[in-house]
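Shown next: run.txt, given as compact mmCIF, C-alpha atoms (C1' of nucleotides).
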# COMPACT_ATOMS: atom_id res chain seq x y z
CA MET V 15 -66.83 -20.45 49.48
CA GLY V 16 -67.50 -24.09 50.17
CA GLU V 17 -63.84 -24.79 50.49
CA GLY V 18 -64.31 -26.83 53.62
CA GLY V 19 -67.06 -28.75 51.86
CA ASP V 20 -64.94 -29.57 48.87
CA PHE V 21 -62.15 -30.61 51.10
CA LEU V 22 -64.43 -32.97 52.95
CA LYS V 23 -65.78 -34.43 49.73
CA PHE V 24 -62.31 -34.90 48.51
CA HIS V 25 -61.28 -36.91 51.51
CA ILE V 26 -64.38 -39.00 51.68
CA LEU V 27 -63.56 -39.94 48.12
CA ALA V 28 -60.06 -40.76 49.23
CA ILE V 29 -61.31 -43.06 51.94
CA LEU V 30 -63.66 -44.82 49.57
CA ILE V 31 -60.99 -45.38 47.00
CA HIS V 32 -58.70 -46.71 49.65
CA ALA V 33 -61.39 -49.00 50.99
CA THR V 34 -62.23 -50.45 47.60
CA GLY V 35 -58.61 -51.15 46.92
CA ILE V 36 -58.31 -49.27 43.66
CA VAL V 37 -54.63 -48.87 42.98
CA TYR V 38 -53.29 -46.80 40.15
CA SER V 39 -49.74 -46.84 39.00
CA PHE V 40 -47.50 -44.36 37.25
CA LYS V 41 -46.41 -44.95 33.71
CA GLY V 42 -45.23 -43.05 30.66
CA GLN V 43 -42.52 -40.50 30.10
CA TYR V 44 -42.80 -36.72 30.06
CA GLU V 45 -40.17 -34.06 29.51
CA HIS V 46 -40.77 -30.68 31.09
CA SER V 47 -38.72 -27.58 31.66
CA ILE V 48 -37.59 -26.21 34.98
CA ASP V 49 -37.60 -22.56 35.89
CA GLU V 50 -34.62 -20.87 37.48
CA LYS V 51 -35.97 -21.64 40.95
CA GLY V 52 -36.17 -25.34 40.35
CA ARG V 53 -39.89 -25.58 39.76
CA ILE V 54 -41.27 -28.00 37.24
CA SER V 55 -44.81 -28.80 36.36
CA PHE V 56 -46.00 -32.23 37.25
CA PRO V 57 -47.33 -34.18 34.24
CA ALA V 58 -51.09 -33.93 34.09
CA LYS V 59 -51.53 -37.56 33.21
CA MET V 60 -49.59 -38.61 36.25
CA ARG V 61 -51.65 -36.34 38.42
CA LYS V 62 -54.75 -38.23 37.39
CA VAL V 63 -53.19 -41.38 38.72
CA LEU V 64 -52.35 -39.87 42.09
CA SER V 65 -54.15 -41.38 45.00
CA PRO V 66 -56.10 -38.66 46.80
CA SER V 67 -54.54 -39.85 50.02
CA ALA V 68 -51.24 -38.47 48.78
CA GLN V 69 -52.83 -35.01 49.06
CA ASP V 70 -50.60 -33.71 46.30
CA ARG V 71 -47.59 -34.23 48.51
CA PHE V 72 -44.44 -36.16 47.68
CA VAL V 73 -41.08 -37.12 49.01
CA ILE V 74 -38.17 -36.63 46.65
CA VAL V 75 -34.97 -38.54 47.25
CA ARG V 76 -31.71 -39.42 45.58
CA GLY V 77 -32.03 -42.55 43.56
CA LEU V 78 -29.62 -44.95 41.95
CA GLU V 79 -27.81 -44.27 38.69
CA GLY V 80 -27.95 -40.54 39.25
CA CYS V 81 -31.66 -39.96 39.00
CA LEU V 82 -34.23 -38.85 41.57
CA TYR V 83 -37.15 -40.79 42.97
CA LEU V 84 -40.46 -39.14 43.63
CA TYR V 85 -42.77 -40.94 46.02
CA PRO V 86 -46.33 -39.91 46.71
CA GLU V 87 -46.74 -39.30 50.41
CA ASN V 88 -48.79 -42.44 50.93
CA GLU V 89 -46.19 -44.63 49.23
CA TRP V 90 -43.35 -43.10 51.15
CA GLN V 91 -44.74 -44.50 54.37
CA ASN V 92 -44.03 -47.98 53.10
CA VAL V 93 -40.50 -46.96 52.36
CA GLU V 94 -39.98 -45.65 55.87
CA GLU V 95 -41.40 -48.83 57.31
CA ALA V 96 -39.08 -50.95 55.23
CA LEU V 97 -36.25 -48.70 56.23
CA SER V 98 -36.82 -49.08 59.93
CA GLN V 99 -36.97 -52.83 59.53
CA ARG V 100 -33.82 -53.09 57.44
CA ALA V 101 -31.78 -50.46 59.21
CA ASN V 102 -31.97 -50.34 62.98
CA ASN V 103 -30.13 -47.82 65.08
CA PHE V 104 -28.23 -50.36 67.12
CA SER V 105 -25.90 -51.50 64.40
CA ARG V 106 -23.34 -49.27 62.81
CA ASP V 107 -24.16 -50.32 59.28
CA GLY V 108 -27.82 -49.85 59.99
CA ARG V 109 -27.27 -46.30 61.12
CA ILE V 110 -25.09 -45.52 58.13
CA ALA V 111 -27.66 -46.90 55.74
CA LYS V 112 -30.52 -45.06 57.38
CA ARG V 113 -28.57 -41.83 57.46
CA ASN V 114 -27.74 -42.01 53.81
CA PHE V 115 -31.34 -42.57 52.86
CA LEU V 116 -32.99 -39.96 54.92
CA ARG V 117 -30.46 -37.21 54.47
CA TRP V 118 -31.35 -36.85 50.81
CA ALA V 119 -35.09 -37.04 51.28
CA GLU V 120 -37.28 -33.96 51.27
CA ASP V 121 -40.95 -33.13 51.16
CA VAL V 122 -42.31 -31.44 48.11
CA ALA V 123 -45.88 -30.52 47.22
CA LEU V 124 -47.84 -29.46 44.18
CA ASP V 125 -48.59 -25.75 44.06
CA LYS V 126 -51.65 -24.17 42.54
CA GLN V 127 -50.19 -24.54 39.05
CA ASN V 128 -49.40 -28.20 39.70
CA ARG V 129 -45.67 -27.72 39.94
CA ILE V 130 -43.16 -29.12 42.37
CA ALA V 131 -40.05 -27.31 43.50
CA ILE V 132 -37.06 -29.60 43.33
CA PRO V 133 -34.47 -28.63 45.95
CA THR V 134 -31.20 -27.37 44.51
CA ASP V 135 -29.25 -30.17 46.19
CA HIS V 136 -31.23 -32.63 44.17
CA THR V 137 -31.08 -30.90 40.83
CA ALA V 138 -27.34 -30.63 41.29
CA PHE V 139 -27.03 -34.30 42.17
CA ALA V 140 -29.07 -35.36 39.17
CA GLY V 141 -27.37 -32.94 36.80
CA ILE V 142 -30.65 -31.28 35.95
CA ASP V 143 -30.59 -27.74 34.65
CA SER V 144 -33.24 -26.60 32.24
CA LYS V 145 -35.14 -29.77 31.39
CA ALA V 146 -36.08 -32.92 33.22
CA VAL V 147 -37.81 -36.17 32.35
CA PHE V 148 -40.48 -37.86 34.45
CA ILE V 149 -40.67 -41.62 34.08
CA GLY V 150 -43.53 -43.55 35.61
CA MET V 151 -42.28 -46.57 37.56
CA GLY V 152 -45.48 -47.93 38.97
CA GLN V 153 -45.55 -46.92 42.60
CA TYR V 154 -43.05 -44.12 42.18
CA ILE V 155 -41.61 -41.78 39.59
CA GLU V 156 -38.08 -41.28 38.40
CA ILE V 157 -36.80 -37.86 37.42
CA TRP V 158 -33.83 -37.70 35.08
CA SER V 159 -31.68 -35.17 33.40
CA PRO V 160 -32.15 -35.81 29.67
CA ALA V 161 -28.41 -36.22 29.17
CA LYS V 162 -28.00 -38.80 31.93
CA LEU V 163 -30.99 -40.68 30.71
CA ASN V 164 -29.41 -40.99 27.28
CA GLU V 165 -26.24 -42.32 28.81
CA ALA V 166 -28.17 -44.88 30.79
CA ASP V 167 -29.99 -45.90 27.64
CA GLU V 168 -26.75 -46.40 25.78
CA ASN V 169 -25.45 -48.63 28.51
CA LEU V 170 -28.44 -50.85 28.23
CA ASP V 171 -27.43 -54.27 27.04
CA SER V 172 -30.25 -55.16 24.73
CA ASP V 173 -29.87 -58.91 25.14
CA ALA V 174 -30.13 -58.58 28.88
CA PHE V 175 -33.13 -56.35 28.43
CA GLU V 176 -34.92 -58.88 26.28
CA GLN V 177 -34.29 -61.55 28.83
CA ILE V 178 -35.73 -59.47 31.65
CA PHE V 179 -38.60 -58.40 29.46
CA GLU V 180 -39.54 -61.97 28.69
CA GLN V 181 -39.31 -63.03 32.29
CA VAL V 182 -41.49 -60.20 33.51
CA MET V 183 -44.04 -60.35 30.72
CA GLY V 184 -44.31 -64.09 30.84
CA GLY V 185 -45.31 -64.12 34.46
CA GLY V 186 -47.76 -61.27 34.14
CA SER V 187 -50.99 -63.12 34.84
CA GLN V 188 -50.65 -63.33 38.59
CA THR V 189 -49.53 -59.77 39.26
CA ASP V 190 -52.98 -58.18 39.17
CA ALA V 191 -54.62 -60.37 41.77
CA ASP V 192 -55.57 -58.13 44.70
CA MET D 119 -55.04 -18.18 58.20
CA GLY D 120 -57.44 -17.62 61.06
CA GLU D 121 -60.39 -18.19 58.81
CA GLY D 122 -63.16 -20.64 59.62
CA GLY D 123 -62.51 -22.79 56.59
CA ASP D 124 -58.87 -23.17 57.37
CA PHE D 125 -59.65 -24.09 60.92
CA LEU D 126 -61.91 -26.85 59.69
CA LYS D 127 -59.36 -28.01 57.17
CA PHE D 128 -56.74 -28.19 59.80
CA HIS D 129 -58.75 -30.37 62.10
CA ILE D 130 -60.05 -32.69 59.47
CA LEU D 131 -56.54 -33.09 58.26
CA ALA D 132 -55.37 -33.82 61.78
CA ILE D 133 -57.99 -36.50 62.15
CA LEU D 134 -57.14 -38.08 58.83
CA ILE D 135 -53.50 -38.08 59.59
CA HIS D 136 -54.23 -39.77 62.85
CA ALA D 137 -56.56 -42.28 61.26
CA THR D 138 -54.24 -43.22 58.44
CA GLY D 139 -51.28 -43.46 60.77
CA ILE D 140 -49.14 -40.84 59.08
CA VAL D 141 -46.31 -40.06 61.40
CA TYR D 142 -44.00 -37.26 60.51
CA SER D 143 -40.36 -37.87 60.95
CA PHE D 144 -37.21 -35.90 60.50
CA LYS D 145 -35.44 -36.18 57.23
CA GLY D 146 -33.20 -34.16 54.97
CA GLN D 147 -29.86 -32.50 55.51
CA TYR D 148 -29.17 -28.87 56.26
CA GLU D 149 -25.88 -27.08 56.84
CA HIS D 150 -25.99 -23.96 58.97
CA SER D 151 -23.41 -21.75 60.53
CA ILE D 152 -22.84 -21.27 64.22
CA ASP D 153 -22.14 -17.92 65.76
CA GLU D 154 -19.33 -17.41 68.23
CA LYS D 155 -21.74 -18.09 71.07
CA GLY D 156 -22.64 -21.55 69.84
CA ARG D 157 -26.03 -20.60 68.47
CA ILE D 158 -27.29 -22.18 65.31
CA SER D 159 -30.60 -21.75 63.63
CA PHE D 160 -32.79 -24.79 63.55
CA PRO D 161 -33.80 -25.80 60.01
CA ALA D 162 -37.21 -24.42 59.16
CA LYS D 163 -38.32 -27.59 57.44
CA MET D 164 -37.53 -29.64 60.49
CA ARG D 165 -39.44 -27.22 62.64
CA LYS D 166 -42.54 -27.97 60.63
CA VAL D 167 -42.25 -31.61 61.56
CA LEU D 168 -41.95 -30.92 65.27
CA SER D 169 -44.78 -32.20 67.38
CA PRO D 170 -46.40 -29.39 69.36
CA SER D 171 -45.91 -31.47 72.48
CA ALA D 172 -42.18 -30.95 72.13
CA GLN D 173 -42.82 -27.27 72.90
CA ASP D 174 -39.68 -26.29 71.03
CA ARG D 175 -37.56 -28.03 73.64
CA PHE D 176 -34.91 -30.65 73.00
CA VAL D 177 -32.35 -32.80 74.69
CA ILE D 178 -28.92 -32.81 73.13
CA VAL D 179 -26.55 -35.66 73.87
CA ARG D 180 -23.31 -37.17 72.69
CA GLY D 181 -23.95 -39.63 69.91
CA LEU D 182 -22.05 -42.38 68.23
CA GLU D 183 -19.37 -41.88 65.60
CA GLY D 184 -18.59 -38.44 66.96
CA CYS D 185 -21.81 -36.65 66.20
CA LEU D 186 -24.52 -35.24 68.46
CA TYR D 187 -28.10 -36.42 68.83
CA LEU D 188 -30.93 -33.99 69.21
CA TYR D 189 -34.16 -35.38 70.60
CA PRO D 190 -37.42 -33.44 70.79
CA GLU D 191 -38.66 -33.34 74.35
CA ASN D 192 -41.54 -35.72 73.71
CA GLU D 193 -39.31 -38.26 72.03
CA TRP D 194 -36.71 -38.10 74.76
CA GLN D 195 -39.17 -39.64 77.18
CA ASN D 196 -39.18 -42.81 75.11
CA VAL D 197 -35.42 -42.83 75.19
CA GLU D 198 -35.36 -42.66 78.95
CA GLU D 199 -37.87 -45.45 79.22
CA ALA D 200 -35.87 -47.63 76.88
CA LEU D 201 -32.75 -46.82 78.82
CA SER D 202 -34.09 -47.84 82.18
CA GLN D 203 -35.42 -51.09 80.79
CA ARG D 204 -32.12 -51.98 79.23
CA ALA D 205 -30.26 -50.98 82.32
CA ASN D 206 -32.32 -53.43 84.33
CA ASN D 207 -31.94 -56.30 81.95
CA PHE D 208 -28.23 -56.09 81.27
CA SER D 209 -27.06 -54.90 84.58
CA ARG D 210 -23.45 -53.90 84.30
CA ASP D 211 -23.23 -52.91 80.65
CA GLY D 212 -26.62 -51.36 80.92
CA ARG D 213 -25.58 -49.18 83.82
CA ILE D 214 -22.47 -48.06 82.02
CA ALA D 215 -24.39 -47.25 78.89
CA LYS D 216 -27.02 -45.40 80.83
CA ARG D 217 -24.50 -43.39 82.80
CA ASN D 218 -22.49 -42.38 79.78
CA PHE D 219 -25.57 -41.45 77.90
CA LEU D 220 -27.21 -39.38 80.56
CA ARG D 221 -24.15 -37.57 81.79
CA TRP D 222 -23.76 -35.82 78.46
CA ALA D 223 -27.40 -34.95 78.05
CA GLU D 224 -28.51 -31.35 78.28
CA ASP D 225 -31.70 -29.43 77.67
CA VAL D 226 -31.78 -26.94 74.88
CA ALA D 227 -34.66 -24.87 73.54
CA LEU D 228 -35.44 -22.78 70.51
CA ASP D 229 -35.07 -19.07 71.17
CA LYS D 230 -37.28 -16.47 69.59
CA GLN D 231 -35.24 -16.56 66.39
CA ASN D 232 -35.57 -20.35 66.20
CA ARG D 233 -32.00 -21.02 67.17
CA ILE D 234 -30.57 -23.48 69.65
CA ALA D 235 -27.47 -22.87 71.70
CA ILE D 236 -25.25 -25.92 71.62
CA PRO D 237 -23.24 -26.24 74.84
CA THR D 238 -19.50 -25.81 74.36
CA ASP D 239 -18.85 -29.29 75.76
CA HIS D 240 -20.80 -30.69 72.91
CA THR D 241 -19.40 -28.61 70.10
CA ALA D 242 -15.93 -29.55 71.33
CA PHE D 243 -16.80 -33.23 71.43
CA ALA D 244 -18.24 -33.14 67.92
CA GLY D 245 -15.44 -30.99 66.52
CA ILE D 246 -17.87 -28.31 65.44
CA ASP D 247 -16.58 -24.80 64.96
CA SER D 248 -18.16 -22.54 62.37
CA LYS D 249 -20.54 -24.83 60.52
CA ALA D 250 -22.69 -27.78 61.43
CA VAL D 251 -24.91 -30.19 59.55
CA PHE D 252 -28.35 -31.32 60.68
CA ILE D 253 -29.41 -34.74 59.44
CA GLY D 254 -32.95 -36.01 59.98
CA MET D 255 -32.96 -39.57 61.31
CA GLY D 256 -36.64 -40.15 61.74
CA GLN D 257 -37.34 -39.77 65.41
CA TYR D 258 -34.25 -37.74 66.15
CA ILE D 259 -31.68 -35.49 64.53
CA GLU D 260 -27.95 -35.86 64.16
CA ILE D 261 -25.65 -32.86 64.25
CA TRP D 262 -22.27 -33.23 62.58
CA SER D 263 -19.18 -31.26 61.94
CA PRO D 264 -18.87 -31.17 58.14
CA ALA D 265 -15.38 -32.63 58.29
CA LYS D 266 -16.36 -35.59 60.44
CA LEU D 267 -19.36 -36.24 58.29
CA ASN D 268 -17.13 -36.52 55.26
CA GLU D 269 -14.97 -39.03 57.06
CA ALA D 270 -18.01 -41.06 58.00
CA ASP D 271 -19.16 -40.98 54.39
CA GLU D 272 -15.92 -42.50 53.27
CA ASN D 273 -16.64 -45.50 55.44
CA LEU D 274 -19.82 -46.16 53.54
CA ASP D 275 -19.66 -49.40 51.62
CA SER D 276 -21.48 -48.36 48.49
CA ASP D 277 -22.23 -51.85 47.21
CA ALA D 278 -23.77 -52.90 50.49
CA PHE D 279 -25.65 -49.65 50.55
CA GLU D 280 -27.11 -50.15 47.10
CA GLN D 281 -28.31 -53.55 48.14
CA ILE D 282 -30.18 -52.15 51.11
CA PHE D 283 -31.39 -49.32 48.96
CA GLU D 284 -32.99 -51.66 46.49
CA GLN D 285 -34.60 -53.70 49.21
CA VAL D 286 -36.10 -50.69 50.88
CA MET D 287 -37.16 -48.84 47.79
CA GLY D 288 -38.60 -51.88 46.12
CA GLY D 289 -40.62 -52.91 49.13
CA GLY D 290 -43.31 -50.34 48.54
CA SER D 291 -45.22 -52.01 45.76
CA GLN D 292 -46.31 -55.27 47.30
CA THR D 293 -47.95 -53.94 50.40
CA ASP D 294 -51.71 -54.38 50.42
CA ALA D 295 -54.34 -52.26 52.03
CA ASP D 296 -53.90 -52.09 55.81
C1' DA C 92 -62.21 -26.21 11.16
C1' DA C 93 -63.45 -23.46 14.98
C1' DT C 94 -64.07 -23.11 19.77
C1' DT C 95 -63.36 -24.27 24.31
C1' DT C 96 -60.83 -26.25 27.86
C1' DT C 97 -56.80 -27.78 29.98
C1' DC C 98 -51.89 -27.68 30.48
C1' DT C 99 -47.27 -25.61 30.63
C1' DT C 100 -44.32 -21.99 31.69
C1' DG C 101 -42.54 -17.21 32.13
C1' DA C 102 -42.81 -13.18 34.91
C1' DC C 103 -43.50 -10.72 38.92
C1' DA C 104 -44.54 -9.77 43.87
C1' DC C 105 -44.33 -11.05 48.38
C1' DA C 106 -43.07 -14.05 52.48
C1' DT C 107 -39.73 -16.68 54.91
C1' DT C 108 -35.31 -18.04 56.27
C1' DG C 109 -30.54 -17.67 57.62
C1' DT C 110 -26.98 -14.75 59.42
C1' DG C 111 -24.23 -10.99 61.23
C1' DG C 112 -23.96 -7.17 64.16
C1' DC C 113 -25.32 -4.93 68.11
C1' DA C 114 -27.87 -3.83 72.42
C1' DA C 115 -30.14 -5.27 76.59
C1' DA C 116 -30.38 -8.40 80.31
C1' DT C 117 -28.54 -11.66 83.28
C1' DT C 118 -25.03 -13.87 85.88
C1' DA C 119 -20.60 -14.28 88.20
C1' DG C 120 -16.55 -12.49 90.59
C1' DG C 121 -14.03 -9.41 93.08
C1' DC E 77 -21.92 -2.66 95.00
C1' DC E 78 -19.43 -2.33 90.79
C1' DT E 79 -17.36 -4.40 86.95
C1' DA E 80 -16.58 -8.02 83.65
C1' DA E 81 -18.22 -11.87 81.24
C1' DT E 82 -21.74 -14.34 79.42
C1' DT E 83 -26.25 -15.06 77.81
C1' DT E 84 -30.35 -13.68 75.48
C1' DG E 85 -33.06 -10.69 72.50
C1' DC E 86 -33.69 -7.51 68.60
C1' DC E 87 -33.04 -5.56 64.16
C1' DA E 88 -31.72 -5.46 59.33
C1' DC E 89 -30.01 -7.23 55.15
C1' DA E 90 -29.45 -10.70 51.60
C1' DA E 91 -30.81 -14.79 49.67
C1' DT E 92 -33.89 -17.97 48.90
C1' DG E 93 -38.49 -19.91 48.67
C1' DT E 94 -43.45 -19.55 47.67
C1' DG E 95 -47.80 -17.72 45.69
C1' DT E 96 -50.25 -15.64 41.99
C1' DC E 97 -51.34 -13.99 37.47
C1' DA E 98 -51.60 -14.49 32.76
C1' DA E 99 -49.93 -15.47 28.04
C1' DG E 100 -49.13 -19.03 24.90
C1' DA E 101 -49.29 -23.97 23.55
C1' DA E 102 -51.51 -28.19 23.33
C1' DA E 103 -55.39 -31.09 23.57
C1' DA E 104 -60.15 -32.02 23.52
C1' DT E 105 -64.75 -30.98 21.98
C1' DT E 106 -68.23 -29.50 19.00
Now that the file is in, can you turn its structure into structure tokens?
Amino acid sequence: MGEGGDFLKFHILAILIHATGIVYSFKGQYEHSIDEKGRISFPAKMRKVLSPSAQDRFVIVRGLEGCLYLYPENEWQNVEEALSQRANNFSRDGRIAKRNFLRWAEDVALDKQNRIAIPTDHTAFAGIDSKAVFIGMGQYIEIWSPAKLNEADENLDSDAFEQIFEQVMGGGSQTDAD
Amino acid sequence: MGEGGDFLKFHILAILIHATGIVYSFKGQYEHSIDEKGRISFPAKMRKVLSPSAQDRFVIVRGLEGCLYLYPENEWQNVEEALSQRANNFSRDGRIAKRNFLRWAEDVALDKQNRIAIPTDHTAFAGIDSKAVFIGMGQYIEIWSPAKLNEADENLDSDAFEQIFEQVMGGGSQTDAD
DNA sequence: AATTTTCTTGACACATTGTGGCAAATTAGG
DNA sequence: CCTAATTTGCCACAATGTGTCAAGAAAATT
């Protein structure tokens, strides 16, 4: 009952939020377990940050350093735009770049229990078996195997980190102007 | 399906998608096997992205780097337009390009089991025998022999690729409301 | 501290997809 | 015509993907 009505409400809300320029961003870290079919529940706190225009749909893609990137549908459009600007089909390098982006990109969606099914290609690539870590990265989310994440942490040069930290935090005042 | 609410949902969704400019495009990679008659099943996830105006019909043509290009019918029209414009502007090279593109173009269509029959000319050209790989490239699809694809991968300059990757993936955050 | 609500996850059932084998239909050649 | 070769369609099985339910854990509320 009233499903159509709720749906309509939902999208009117989406339009309003879009119009008023409210932008949420992902943050925090959450470790969840994956079932044998590759399904993992999406962190509730991240779901609250999801723009309704994403419609609970994502694109998952191979990332750098052996992790996966999860883009809400609405954000992914920006990626595709950037991609078509950077990588045109008329140059060989452009085609190669485009191919190697898109070939590892797939649509995923939240199910009724708020889980996403990570394709087996991607779990294999990221070395994920029974557990995975979601890390909020602002406009997108990284998904890591706990083991690989530890490795990456160990490789972190803490001096370099402090430097970056200071640079970013020092300039923070102008970032929120919309 | 076939319920009133779903019908409504579908059409509201269609309108929203149109309004927000969401354009589906092919992505992902799928390896399927070919039977001895050259038939290969079209990836289900790509079928979901197909515009109804394509009517399950495609044009298959020799591509660059030894692979095949598969264009949905509706998209092929744009290709022909672009071709005739280029042919006019750059007379001799344009004519050659046009001729060598069109002469290897053939119509294919999904059969009732959602397979396409790749002409033997084309499988021979692409070096495809028992397996083939579909790669979504946005507006069209590439079809590769697994062996040739591996070769092509080896030509990928991974440093250059990471650079492009960062540019494209990072570009999402700054974009304002449309 | 007790109760309610939400979240996570295991378990199960069912739907879809990919593929091989085989039959029917169509085409081509003698 | 009749036969051979090719194309197209159909069925069935296995594997995978998807949907649902419900128990337990965690968090929030009273």
Determine, using only C-alpha atoms (C1' of nucleotides), which residues of chain E have any atom at most 12 Å from an atom of chain V, and tabulate each with its shortest atom pair and distance in Å to one decimal place, rows ordered by chain and then rising number, as a Markdown table.
| residue | atom | partner | partner_atom | distance |
| --- | --- | --- | --- | --- |
| E:DT92 | C1' | V:Lys51 | CA | 9.0 |
| E:DG93 | C1' | V:Lys51 | CA | 8.3 |
| E:DT94 | C1' | V:Asp125 | CA | 8.8 |
| E:DG95 | C1' | V:Lys126 | CA | 8.1 |
| E:DT96 | C1' | V:Lys126 | CA | 8.7 |
| E:DC97 | C1' | V:Gln127 | CA | 10.7 |
| E:DA98 | C1' | V:Gln127 | CA | 11.9 |
| E:DA103 | C1' | V:Ala58 | CA | 11.7 |
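Taking CA of Phe115 (chain V) and CA of Asp275 (chain D) as the two end points, the separation is 13.6 Å.
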Please provide as an MDAnalysis selection string all residues within 10 Å of DC98 (chain C), with the sequence filter that same-chain residues fewer than 2 positions apart are discarded (counting only C-alpha atoms (C1' of nucleotides)).
-> (chainID V and resid 55 57:58 127:128) or (chainID C and resid 96 100) or (chainID E and resid 101:103)
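Interatomic distance, CA of Trp194 (chain D) against CA of Arg175 (chain D): 10.2 Å.
With CA of Leu267 (chain D) on one side and CA of Ser151 (chain D) on the other, the separation reads 15.2 Å.
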Counting only C-alpha atoms (C1' of nucleotides), a student should be able to say which residues of chain C come within 10 Å of chain D; what is the right answer, written as an mmCIF file with C-alpha atoms (C1' of nucleotides), in the frame of the given file?
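The new file part_35.cif reads:
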data_model
loop_
_atom_site.group_PDB
_atom_site.id
_atom_site.type_symbol
_atom_site.label_atom_id
_atom_site.label_comp_id
_atom_site.auth_asym_id
_atom_site.auth_seq_id
_atom_site.Cartn_x
_atom_site.Cartn_y
_atom_site.Cartn_z
ATOM 1 C "C1'" DT C 107 -39.730 -16.680 54.910
ATOM 2 C "C1'" DT C 108 -35.310 -18.040 56.270
ATOM 3 C "C1'" DG C 109 -30.540 -17.670 57.620
ATOM 4 C "C1'" DT C 110 -26.980 -14.750 59.420
ATOM 5 C "C1'" DG C 111 -24.230 -10.990 61.230
#
Pick out the residues sitting within 8 Å of region 83-87 of chain E, and hand them over as a VMD selection string; count only C-alpha atoms (C1' of nucleotides), and ignore anything fewer than 5 positions along from it in its own chain.
-> (chain D and resid 230) or (chain C and resid 114 to 117)
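Distance annotation: of V:Ala96, V:Val73, V:Ile149, V:Cys81, the residue with the minimal separation from chain D is V:Ala96; atom set is only C-alpha atoms.
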All residues 8 Å or closer to region 139-147 of chain V, all atoms listed in the file, same chain fewer than 3 positions away omitted, as a PyMOL selection string = chain V and resi 43-50+76+80-82+135-136+156-160+162
So which residues touch DT94 (chain C) within 12 Å, counting only C-alpha atoms (C1' of nucleotides), skipping near sequence neighbours fewer than 5 positions away, as a count of residues only?
-> 3
Find the residues around Gly150 (chain V) up to 6 Å (only C-alpha atoms (C1' of nucleotides) counted), leave out those fewer than 4 positions away in its own chain, and share them as a PDB file with C-alpha atoms, in the frame of the given file.
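result.pdb, freshly written:
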ATOM      1  CA  PHE V  40     -47.500 -44.360  37.250  1.00  0.00           C
ATOM      2  CA  LYS V  41     -46.410 -44.950  33.710  1.00  0.00           C
ATOM      3  CA  GLY V  42     -45.230 -43.050  30.660  1.00  0.00           C
ATOM      4  CA  ILE V 155     -41.610 -41.780  39.590  1.00  0.00           C
TER       5      ILE V 155
END
